[in-house]
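Student: Got a structure for you, questions after.
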Amino acid sequence: MFPLAERVSLVSDSITLAVTARAKAMKKAGIDVVGFGAGEPDFDTPAFIKDAAKAALDKGMTKYTAAPCEPELKAAIADKFNRENGLAYLPENITTGAGGKHCLYMAFMAILNPGDEVLIPSPYWVSYPEQVKLAGGVNKILRGEEKNGFKIAPQQLEAAIGPKTKVLILNSPSNPAGHAYTPEELRALAQVALNHPRLIVFSDEIYEKLVFDGLKFASFASFDPKLLDQTLTFNCHSKSFAMTGWRIGYIGGPTPVIDAINKLQSQINSHITSFCQPAAAAALTDPRGAESVEQMRQQFEKRGHHMWERLSALPNVTCVKPQGAFYCFPNISAYFGKAISGSGPNITDAISFSSALLEHAHVAVVPGNDSGFATHVRLSFATSMEQIDKGLDRMAEFLKTLT
Ligand SMILES: Cc1ncc(COP(=O)(O)O)c(C=O)c1O
């Protein structure tokens, strides 16, 4: 046995990856699997962004850059935060990382001491608790309820804050449930944070552009200038600009934290990929960026409505209407205790439900277990209407066989 570090065992094996791997293997074997597992847009990166990267390569931008990025990108990000989010960040309040995930990890590493508590509303994005554990922190889950659209109430937050609480994570619009706070609801949570000036809020705003039904997105720290001192605002190019593979993320926050993150980053990965930097800046500054985001948003809105209507029409399935991102998160627990045509192993939770759905109906979904909800599954609508209909037809037939 190779002697690994203990920290590796802190991290749970990803159920999501296991299901995705099985779906991939089935596809490779020629099986027509409908994939609702993807956490990425099915659109290509807009051409003008790719062109900016190609031009940077042609100009020879293939060497080390300033860390964590060139000043032009920092300025473009600070300007974006000011213009679009009402956040008075200067370039020194900005850092970048290799995607939103890397930014969050660096921030946990820069902030948490052993035993510090992190409040995570559920259902949550799978990597938050794992990153917290790696950074020595302790997860405290604030359970969201389906009947409240999975949103936590200010009183619930107030009651959860204790002497060891250091960080609260907010993710609106959310992965995996697609729920999003209205500006008023967010303002009420912000008031609680203001009453606890030592609380640090990680506001994960990576789905900010993908909001539906006229919902207005508000950035958490925009409600009061004092919040800028206790908030880290996370964003990335992955979802808005269909750039998941580029690995570009960024953070706005108080300079002492940004400097600390940069200190860590300088010893770990130096900076984000050189020729991606001008492309990342172009996405934020060129008006074509906003246009392409809006086109994608409209598609997601249509698909989201359609998928939600079809899921809600399934017998004994309930589903909160997605307000943003590109996920539906239906409750399938009414089928627990049943088996296919009454024989074979019983379905006991979202994992066994997802495996049976994949094996028997060739539809890939993500069990909610890794997100704190073993009663729900996540379906991504970052796929075509045809695939949505095909997958939902199959799911409806599959449910009929469960007795
Ligand atoms: C809520 C949330 N935060 C952060 C990330 C990480 O994004 P990136 O792909 O830029 O690392 C994801 C990706 O799925 C996410 O859903």
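If you're wondering about the labels, chains in the structure tokens are A, B, ... by order shown, residues count from 1 in each chain, ligands from 1 in order shown.
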Set out as a Markdown table a contact list for chain A and ligand 1 with a cut-off of 10 Å, giving each residue of chain A that qualifies its closest atom pair and distance in Å to one decimal, counting only C-alpha atoms and all ligand atoms, ordered by chain and rising residue number.

Tutor:
| residue | atom | partner | partner_atom_place_in_ligand_line | distance |
| --- | --- | --- | --- | --- |
| A:Ala38 | CA | ligand 1 | 14 (O) | 9.1 |
| A:Gly39 | CA | ligand 1 | 14 (O) | 5.5 |
| A:Glu40 | CA | ligand 1 | 14 (O) | 7.2 |
| A:Gly97 | CA | ligand 1 | 10 (O) | 8.9 |
| A:Ala98 | CA | ligand 1 | 11 (O) | 7.0 |
| A:Gly99 | CA | ligand 1 | 10 (O) | 3.6 |
| A:Gly100 | CA | ligand 1 | 10 (O) | 3.6 |
| A:Lys101 | CA | ligand 1 | 11 (O) | 3.7 |
| A:His102 | CA | ligand 1 | 11 (O) | 6.2 |
| A:Cys103 | CA | ligand 1 | 11 (O) | 7.8 |
| A:Leu104 | CA | ligand 1 | 4 (C) | 7.5 |
| A:Tyr105 | CA | ligand 1 | 11 (O) | 9.9 |
| A:Tyr124 | CA | ligand 1 | 1 (C) | 7.6 |
| A:Trp125 | CA | ligand 1 | 1 (C) | 5.2 |
| A:Val126 | CA | ligand 1 | 16 (O) | 8.2 |
| A:Ser127 | CA | ligand 1 | 4 (C) | 8.0 |
| A:Tyr128 | CA | ligand 1 | 3 (N) | 8.3 |
| A:Leu170 | CA | ligand 1 | 1 (C) | 9.1 |
| A:Asn171 | CA | ligand 1 | 1 (C) | 6.0 |
| A:Ser172 | CA | ligand 1 | 1 (C) | 8.1 |
| A:Pro173 | CA | ligand 1 | 1 (C) | 8.1 |
| A:Ser174 | CA | ligand 1 | 1 (C) | 6.0 |
| A:Asn175 | CA | ligand 1 | 16 (O) | 4.9 |
| A:Pro176 | CA | ligand 1 | 16 (O) | 7.3 |
| A:Gly178 | CA | ligand 1 | 1 (C) | 9.9 |
| A:Ser203 | CA | ligand 1 | 3 (N) | 9.6 |
| A:Asp204 | CA | ligand 1 | 3 (N) | 6.0 |
| A:Glu205 | CA | ligand 1 | 1 (C) | 7.7 |
| A:Ile206 | CA | ligand 1 | 3 (N) | 6.2 |
| A:Tyr207 | CA | ligand 1 | 1 (C) | 7.4 |
| A:Phe234 | CA | ligand 1 | 4 (C) | 8.2 |
| A:Asn235 | CA | ligand 1 | 10 (O) | 7.7 |
| A:Cys236 | CA | ligand 1 | 10 (O) | 5.2 |
| A:His237 | CA | ligand 1 | 10 (O) | 6.5 |
| A:Ser238 | CA | ligand 1 | 10 (O) | 4.8 |
| A:Lys239 | CA | ligand 1 | 10 (O) | 7.3 |
| A:Ser240 | CA | ligand 1 | 10 (O) | 9.9 |
| A:Ala242 | CA | ligand 1 | 9 (O) | 10.0 |
| A:Met243 | CA | ligand 1 | 10 (O) | 8.2 |
| A:Thr244 | CA | ligand 1 | 9 (O) | 5.3 |
| A:Gly245 | CA | ligand 1 | 9 (O) | 7.6 |
| A:Trp246 | CA | ligand 1 | 10 (O) | 8.5 |
| A:Arg247 | CA | ligand 1 | 10 (O) | 5.9 |
| A:Ile248 | CA | ligand 1 | 10 (O) | 6.2 |
| A:Gly249 | CA | ligand 1 | 10 (O) | 5.6 |
| A:Tyr250 | CA | ligand 1 | 10 (O) | 8.9 |
| A:Ala325 | CA | ligand 1 | 16 (O) | 8.5 |
| A:Phe326 | CA | ligand 1 | 16 (O) | 9.7 |
| A:Tyr327 | CA | ligand 1 | 16 (O) | 9.9 |

Student: Write down as a PyMOL selection string the residues of region 17-139 of chain A whose backbone DSSP state falls under strand (DSSP E or B).

Tutor: chain A and resi 34-35+94-97+117-122+138-139

Student: Can you pull out the residues contacting region 220-227 of chain A? Cut-off 7 Å, using only C-alpha atoms, and skip same-chain residues under 2 positions away; I want them as a PyMOL selection string.

Tutor: chain A and resi 85-87+186-187+190+194+203+218+229-231

Student: Mind giving me the straight-line distance from CA of Ala260 (chain A) to CA of Met109 (chain A) in Å, one decimal?

Tutor: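 Separation between CA of Ala260 (chain A) and CA of Met109 (chain A): 9.4 Å.
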
Student: Report, in Å to a single decimal, how far apart CA of Phe300 (chain A) and CA of Ser122 (chain A) are.

Tutor: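 Value for the CA of Ser122 (chain A)-CA of Phe300 (chain A) distance: 23.3 Å.
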
Student: At what distance in Å, to one decimal, does CA of Thr95 (chain A) lie from CA of Ala75 (chain A)?

Tutor: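 Distance reported for this atom pair: 10.4 Å.
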
Student: Do a neighbour search on Leu112 (chain A) at 9 Å with only C-alpha atoms, toss out local chain neighbours closer than 2 positions, and write the hits as a VMD selection string.

Tutor: chain A and resid 107 to 110 114 to 118 132 135 to 137 166 to 167

Student: Among the residues of region 84-254 of chain A, find those DSSP assigns to alpha helix (DSSP H) from the backbone and print them as a PyMOL selection string.

Tutor: chain A and resi 84-85+100-111+127-134+154-160+183-195
